[in-house]
$ cat target.cif   # mmCIF, C-alpha atoms
data_data
#
loop_
_atom_site.label_atom_id
_atom_site.label_comp_id
_atom_site.auth_asym_id
_atom_site.auth_seq_id
_atom_site.Cartn_x
_atom_site.Cartn_y
_atom_site.Cartn_z
CA MET A 57 -21.16 47.06 11.23
CA ILE A 58 -21.31 43.68 9.49
CA GLU A 59 -23.40 40.80 10.86
CA VAL A 60 -21.22 37.95 12.11
CA GLU A 61 -22.19 35.16 9.70
CA ALA A 62 -21.98 37.45 6.67
CA ALA A 63 -18.60 38.77 7.80
CA TYR A 64 -17.00 35.37 8.23
CA ARG A 65 -18.51 34.15 4.98
CA GLU A 66 -16.62 36.95 3.23
CA TRP A 67 -13.50 36.58 5.37
CA ALA A 68 -13.09 32.80 4.98
CA GLU A 69 -11.02 32.89 1.80
CA SER A 70 -8.40 35.30 3.14
CA TYR A 71 -8.59 34.71 6.91
CA ASP A 72 -5.46 32.57 7.16
CA ALA A 73 -3.41 34.77 4.83
CA VAL A 74 -3.88 38.27 6.26
CA VAL A 75 -1.79 39.64 9.13
CA ASN A 76 -3.72 39.08 12.37
CA LEU A 77 -1.83 39.55 15.64
CA THR A 78 -4.84 38.50 17.73
CA ARG A 79 -5.31 35.21 15.86
CA ASP A 80 -1.60 34.41 16.05
CA LEU A 81 -1.19 35.24 19.75
CA ASP A 82 -4.30 33.18 20.52
CA ALA A 83 -2.71 30.12 18.86
CA VAL A 84 0.49 30.59 20.90
CA VAL A 85 -1.41 30.98 24.18
CA LEU A 86 -3.64 27.94 23.58
CA ARG A 87 -0.63 25.73 23.07
CA ALA A 88 1.19 27.14 26.09
CA ILE A 89 -1.62 27.03 28.65
CA GLY A 90 -1.21 23.31 29.42
CA LEU A 91 -4.61 21.89 28.51
CA GLY A 92 -4.75 18.11 28.63
CA ARG A 93 -6.00 16.57 25.39
CA THR A 94 -5.00 12.90 25.53
CA GLY A 95 -7.98 10.54 25.72
CA ARG A 96 -10.48 13.35 26.20
CA ASP A 97 -13.72 14.20 24.42
CA ILE A 98 -13.37 17.83 23.32
CA VAL A 99 -15.79 20.44 21.98
CA GLU A 100 -14.31 23.39 20.09
CA LEU A 101 -16.44 26.53 19.83
CA GLY A 102 -15.91 28.79 16.84
CA CYS A 103 -13.35 26.59 15.10
CA GLY A 104 -13.22 28.86 12.05
CA THR A 105 -10.76 27.66 9.42
CA GLY A 106 -9.38 25.02 11.81
CA LYS A 107 -6.41 27.08 13.01
CA ASN A 108 -6.48 25.23 16.34
CA THR A 109 -8.50 22.14 15.43
CA ALA A 110 -5.67 19.84 14.35
CA TRP A 111 -3.68 20.63 17.49
CA LEU A 112 -6.68 20.05 19.78
CA ALA A 113 -7.40 16.73 18.08
CA GLU A 114 -3.91 15.34 18.73
CA GLY A 115 -4.38 12.48 21.17
CA ALA A 116 -8.03 13.33 21.83
CA ARG A 117 -10.59 10.57 21.88
CA SER A 118 -12.99 12.79 19.93
CA LEU A 119 -13.35 16.41 18.86
CA VAL A 120 -16.55 18.16 17.80
CA ALA A 121 -15.60 21.43 16.06
CA ILE A 122 -18.48 23.90 15.80
CA ASP A 123 -18.78 27.09 13.74
CA LEU A 124 -21.54 29.35 12.43
CA SER A 125 -19.99 29.84 8.99
CA GLU A 126 -20.20 27.06 6.42
CA GLU A 127 -17.48 28.82 4.43
CA MET A 128 -15.08 28.77 7.38
CA LEU A 129 -15.93 25.11 8.01
CA ALA A 130 -15.18 24.26 4.39
CA ARG A 131 -11.68 25.63 4.91
CA ALA A 132 -11.32 23.69 8.15
CA ARG A 133 -12.34 20.43 6.48
CA THR A 134 -9.58 20.82 3.90
CA ARG A 135 -7.05 21.39 6.69
CA VAL A 136 -8.14 18.64 9.10
CA SER A 137 -9.20 15.15 8.05
CA ALA A 138 -8.50 13.19 11.24
CA ASP A 139 -10.94 10.37 11.98
CA ASN A 140 -11.60 11.64 15.52
CA VAL A 141 -12.83 15.07 14.32
CA ARG A 142 -16.43 15.94 13.43
CA PHE A 143 -17.35 19.39 12.08
CA VAL A 144 -20.77 20.83 12.89
CA ARG A 145 -22.37 24.00 11.57
CA HIS A 146 -24.35 25.56 14.39
CA ASP A 147 -25.24 28.92 15.92
CA LEU A 148 -23.89 28.86 19.49
CA ARG A 149 -26.61 31.31 20.51
CA THR A 150 -29.15 28.48 20.26
CA PRO A 151 -29.19 25.17 22.21
CA TRP A 152 -26.17 23.11 21.19
CA PRO A 153 -26.83 19.84 19.30
CA LEU A 154 -24.94 17.81 21.89
CA ALA A 155 -26.18 15.54 24.66
CA SER A 156 -25.53 16.44 28.28
CA GLY A 157 -22.37 15.20 29.94
CA VAL A 158 -20.53 14.13 26.78
CA ALA A 159 -17.34 16.26 26.96
CA ASP A 160 -14.26 16.51 29.14
CA LEU A 161 -13.05 19.80 27.68
CA VAL A 162 -14.78 22.73 25.96
CA VAL A 163 -12.55 25.30 24.25
CA GLY A 164 -13.68 28.63 22.80
CA ASN A 165 -11.28 30.98 21.03
CA LEU A 166 -12.20 34.48 19.86
CA VAL A 167 -15.90 33.71 19.68
CA LEU A 168 -17.64 35.21 22.74
CA GLU A 169 -17.04 38.80 21.61
CA HIS A 170 -19.57 38.09 18.85
CA ILE A 171 -22.25 36.78 21.26
CA SER A 172 -24.33 39.12 23.40
CA ASP A 173 -25.57 36.53 25.94
CA VAL A 174 -22.47 34.90 27.44
CA ASP A 175 -24.56 33.44 30.29
CA PHE A 176 -26.25 31.15 27.76
CA VAL A 177 -22.92 29.94 26.37
CA PHE A 178 -21.50 29.17 29.82
CA ALA A 179 -24.69 27.35 30.78
CA GLN A 180 -24.54 25.23 27.62
CA ALA A 181 -20.87 24.44 28.26
CA ALA A 182 -21.71 23.36 31.81
CA ARG A 183 -24.47 21.12 30.45
CA VAL A 184 -22.32 19.25 27.93
CA LEU A 185 -19.33 18.85 30.27
CA ARG A 186 -18.89 15.92 32.58
CA ARG A 187 -18.30 16.68 36.24
CA GLY A 188 -14.63 17.52 36.64
CA GLY A 189 -14.35 18.72 33.03
CA GLU A 190 -12.85 22.02 31.94
CA LEU A 191 -13.89 25.10 29.98
CA PHE A 192 -11.20 27.33 28.48
CA VAL A 193 -12.00 30.60 26.71
CA SER A 194 -9.63 33.02 25.03
CA GLU A 195 -11.04 36.39 24.02
CA PHE A 196 -9.99 39.75 22.62
CA HIS A 197 -9.35 41.81 25.74
CA PRO A 198 -12.22 44.18 26.65
CA PHE A 199 -9.69 46.95 27.42
CA ARG A 200 -8.75 47.01 23.73
CA GLN A 201 -12.39 46.92 22.69
CA LEU A 202 -13.11 49.96 24.86
CA LEU A 203 -10.28 51.81 23.11
CA GLY A 204 -11.92 51.13 19.75
CA SER A 205 -10.14 47.99 18.53
CA GLY A 206 -11.97 44.95 17.18
CA ALA A 207 -12.30 42.44 14.39
CA LYS A 208 -12.84 44.01 10.98
CA LEU A 209 -12.67 42.93 7.36
CA SER A 210 -10.70 45.98 6.23
CA ASP A 211 -9.90 49.56 7.16
CA GLU A 212 -12.86 50.81 5.16
CA PRO A 213 -15.72 52.53 7.05
CA GLY A 214 -18.39 50.03 8.09
CA ALA A 215 -16.07 47.02 7.87
CA ARG A 216 -16.13 46.28 11.59
CA ILE A 217 -17.71 42.95 12.55
CA GLU A 218 -20.62 42.85 15.01
CA ALA A 219 -19.18 42.53 18.52
CA TYR A 220 -20.06 43.09 22.17
CA VAL A 221 -17.88 44.30 25.03
CA HIS A 222 -17.93 41.88 27.97
CA ASP A 223 -16.08 43.03 31.07
CA VAL A 224 -13.86 40.58 32.93
CA GLY A 225 -16.41 40.46 35.73
CA GLU A 226 -19.17 39.53 33.27
CA TYR A 227 -17.23 36.47 32.11
CA VAL A 228 -16.39 35.42 35.68
CA ASN A 229 -19.91 35.93 37.04
CA ALA A 230 -21.46 34.05 34.12
CA ALA A 231 -19.08 31.18 34.81
CA ILE A 232 -19.90 31.11 38.52
CA ALA A 233 -23.64 31.22 37.82
CA ALA A 234 -23.24 28.20 35.52
CA GLY A 235 -21.53 26.21 38.28
CA PHE A 236 -17.88 26.63 37.31
CA SER A 237 -15.01 27.47 39.60
CA VAL A 238 -12.24 29.72 38.31
CA ALA A 239 -8.89 27.97 37.96
CA HIS A 240 -6.91 30.69 36.18
CA ILE A 241 -7.29 34.10 34.55
CA GLY A 242 -4.63 35.27 32.12
CA GLU A 243 -3.93 38.56 30.36
CA TRP A 244 -1.62 38.33 27.38
CA ARG A 245 0.33 41.08 25.65
CA ASP A 246 2.00 41.23 22.26
CA ARG A 247 5.56 39.95 22.25
CA ASP A 248 8.57 41.74 20.80
CA VAL A 249 6.55 44.91 20.28
CA VAL A 250 7.57 48.07 22.09
CA ASP A 251 4.97 50.65 21.04
CA GLU A 252 2.52 52.07 23.57
CA PRO A 253 -0.55 49.96 22.57
CA SER A 254 1.40 46.77 23.29
CA ARG A 255 1.24 47.61 27.00
CA ILE A 256 -2.50 46.92 26.89
CA PRO A 257 -3.30 43.17 27.03
CA ARG A 258 -4.45 41.77 23.70
CA LEU A 259 -6.10 38.62 25.06
CA LEU A 260 -8.04 37.60 28.14
CA THR A 261 -8.13 33.89 29.00
CA VAL A 262 -10.31 32.19 31.59
CA ARG A 263 -9.82 28.55 32.62
CA LEU A 264 -12.69 26.97 34.52
CA ALA A 265 -13.49 23.71 36.30
CA ALA A 266 -16.93 22.15 35.92
CA ASN A 267 -17.60 21.32 39.56
CA VAL A 268 -21.36 21.73 39.55
CA ARG A 269 -23.82 21.13 36.73
CA ALA A 270 -25.77 24.21 35.67
CA ASP A 271 -29.14 22.51 36.21
CA VAL A 272 -28.50 22.21 39.95
CA VAL A 273 -27.16 25.73 40.54
CA THR A 274 -29.48 27.94 42.57
CA SER A 275 -29.89 31.56 41.51
CA LEU A 276 -27.66 34.01 43.32
CA PRO A 277 -29.19 37.24 44.65
CA THR A 278 -28.41 40.37 42.65
CA PRO A 279 -25.91 42.56 44.56
CA GLN A 280 -27.41 45.81 45.81
CA VAL A 281 -25.49 49.07 45.58
CA ALA A 282 -25.73 51.08 48.78
CA GLY A 283 -26.69 54.73 48.74
#
$ encode --input "target.cif" --output "structure tokens"
Amino acid sequence: MIEVEAAYREWAESYDAVVNLTRDLDAVVLRAIGLGRTGRDIVELGCGTGKNTAWLAEGARSLVAIDLSEEMLARARTRVSADNVRFVRHDLRTPWPLASGVADLVVGNLVLEHISDVDFVFAQAARVLRRGGELFVSEFHPFRQLLGSGAKLSDEPGARIEAYVHDVGEYVNAAIAAGFSVAHIGEWRDRDVVDEPSRIPRLLTVRLAANVRADVVTSLPTPQVAG
């Protein structure tokens, strides 16, 4: 198992060139989901090499693109030079270097599988969003993770990248606890592929509305299992 930052440091040079069905389907889904960008302040989580950054920035008032890997960010900077885009190297597992209530849209693509504490990420997203803003996440489907699939640098033993399995309910409950309401959940399968694995969704997407700020959400009681 390779630690996340080290893995993406090594992967940066070839990431855009290698075959990656998950990366490519994610790009298709993001563009099809109907997110409004025009005139909005956007935060992109895990921007990587900028595969979605240029598209998100089109018409946006501003875009802050965040990633843990300086090597991935270097690639992104060569791809995107728009004046409304700012790249920031930061570990999303620590408090984000953004003021509260500065964004209309937060987008995270293929990043939460590498973070153990998704509650923290949802709480930070709720903090930086304005009331009425949106959070959209697209993740490798946990069903595939449970069957042994996941991001890896190669087929060699030990090449798998550090990742965590988050059930659908974990994402939804973390969102609710942070003050979001669920607008849409999507499960996306490979297209034009007829083998048996293609019947299992490749991506899970969750679209959320920031109705309540996280700092005013009261703690919910833990459900008790009878018997």
$ residues_near_point --input "target.cif" --point "(-6.1, 46.4, 21.8)" --cutoff "8 Å" --atoms "only C-alpha atoms" --output "list of chain:residue names"
A:Phe196, A:His197, A:Phe199, A:Arg200, A:Gln201, A:Leu203, A:Gly204, A:Ser205, A:Gly206, A:Pro253, A:Ser254, A:Ile256, A:Pro257, A:Arg258
$ write_last_selection --input "target.cif" --atoms "C-alpha atoms" --output "PDB file, in the frame of the given file"
ATOM      1  CA  PHE A 196      -9.990  39.750  22.620  1.00  0.00           C
ATOM      2  CA  HIS A 197      -9.350  41.810  25.740  1.00  0.00           C
ATOM      3  CA  PHE A 199      -9.690  46.950  27.420  1.00  0.00           C
ATOM      4  CA  ARG A 200      -8.750  47.010  23.730  1.00  0.00           C
ATOM      5  CA  GLN A 201     -12.390  46.920  22.690  1.00  0.00           C
ATOM      6  CA  LEU A 203     -10.280  51.810  23.110  1.00  0.00           C
ATOM      7  CA  GLY A 204     -11.920  51.130  19.750  1.00  0.00           C
ATOM      8  CA  SER A 205     -10.140  47.990  18.530  1.00  0.00           C
ATOM      9  CA  GLY A 206     -11.970  44.950  17.180  1.00  0.00           C
ATOM     10  CA  PRO A 253      -0.550  49.960  22.570  1.00  0.00           C
ATOM     11  CA  SER A 254       1.400  46.770  23.290  1.00  0.00           C
ATOM     12  CA  ILE A 256      -2.500  46.920  26.890  1.00  0.00           C
ATOM     13  CA  PRO A 257      -3.300  43.170  27.030  1.00  0.00           C
ATOM     14  CA  ARG A 258      -4.450  41.770  23.700  1.00  0.00           C
TER      15      ARG A 258
END
$ atom_distance --input "target.cif" --atom1 "CA of Gly189 (chain A)" --atom2 "CA of Glu169 (chain A)"
23.3 Å
$ residues_near_point --input "target.cif" --point "(-19.2, 15.4, 28.6)" --cutoff "10 Å" --atoms "all atoms listed in the file" --output "number ranges by chain"
A: 96-99, 154-162, 181-190
$ atom_distance --input "target.cif" --atom1 "CA of Arg263 (chain A)" --atom2 "CA of Asn140 (chain A)"
24.1 Å
$ closest_residue --input "target.cif" --among "A:Asp80, A:Asp139, A:Glu195, A:Asp147" --to "Leu124 (chain A)" --atoms "all atoms listed in the file"
A:Asp147
$ closest_atom_pairs --input "target.cif" --of "region 97-202 of chain A" --to "region 229-234 of chain A" --cutoff "8 Å" --atoms "all atoms listed in the file" --output "tab-separated table"
residue	atom	partner	partner_atom	distance
A:Val174	CA	A:Ala230	CA	6.8
A:Asp175	CA	A:Ala230	CA	5.0
A:Phe178	CA	A:Ala231	CA	5.9
A:Ala179	CA	A:Ala234	CA	5.0
A:Ala182	CA	A:Ala234	CA	6.3
$ atom_distance --input "target.cif" --atom1 "CA of Arg117 (chain A)" --atom2 "CA of Val141 (chain A)"
9.1 Å
$ residues_around --input "target.cif" --residues "Leu168 (chain A)" --least-positions-apart "5" --cutoff "9 Å" --atoms "only C-alpha atoms" --output "list in words"
Gly102, Asp173, Val174, Val177, Val193, Ser194, Glu195, Phe196, Ala219, Tyr220 and His222 of chain A
$ residues_around --input "target.cif" --residues "Glu100 (chain A)" --least-positions-apart "6" --cutoff "7 Å" --atoms "only C-alpha atoms" --output "MDAnalysis selection string"
chainID A and resid 120:122 162:164
$ residues_around --input "target.cif" --residues "Ala116 (chain A)" --least-positions-apart "3" --cutoff "6 Å" --atoms "only C-alpha atoms" --output "CSV table (one decimal) with C-alpha atoms, in the coordinates of the input"
chain,number,residue,atom,x,y,z
A,93,ARG,CA,-6.0,16.6,25.4
A,94,THR,CA,-5.0,12.9,25.5
A,95,GLY,CA,-8.0,10.5,25.7
A,96,ARG,CA,-10.5,13.4,26.2
A,113,ALA,CA,-7.4,16.7,18.1
$ resolve_selection --input "target.cif" --expression "the PyMOL selection byres ((chain A and resi 224) around 10)" --output "PyMOL selection string"
chain A and resi 197-199+221-223+225-229+241+260-262
$ closest_residue --input "target.cif" --among "A:Ala265, A:Leu81, A:Ile58, A:Leu101" --to "Phe143 (chain A)" --atoms "all atoms listed in the file"
A:Leu101
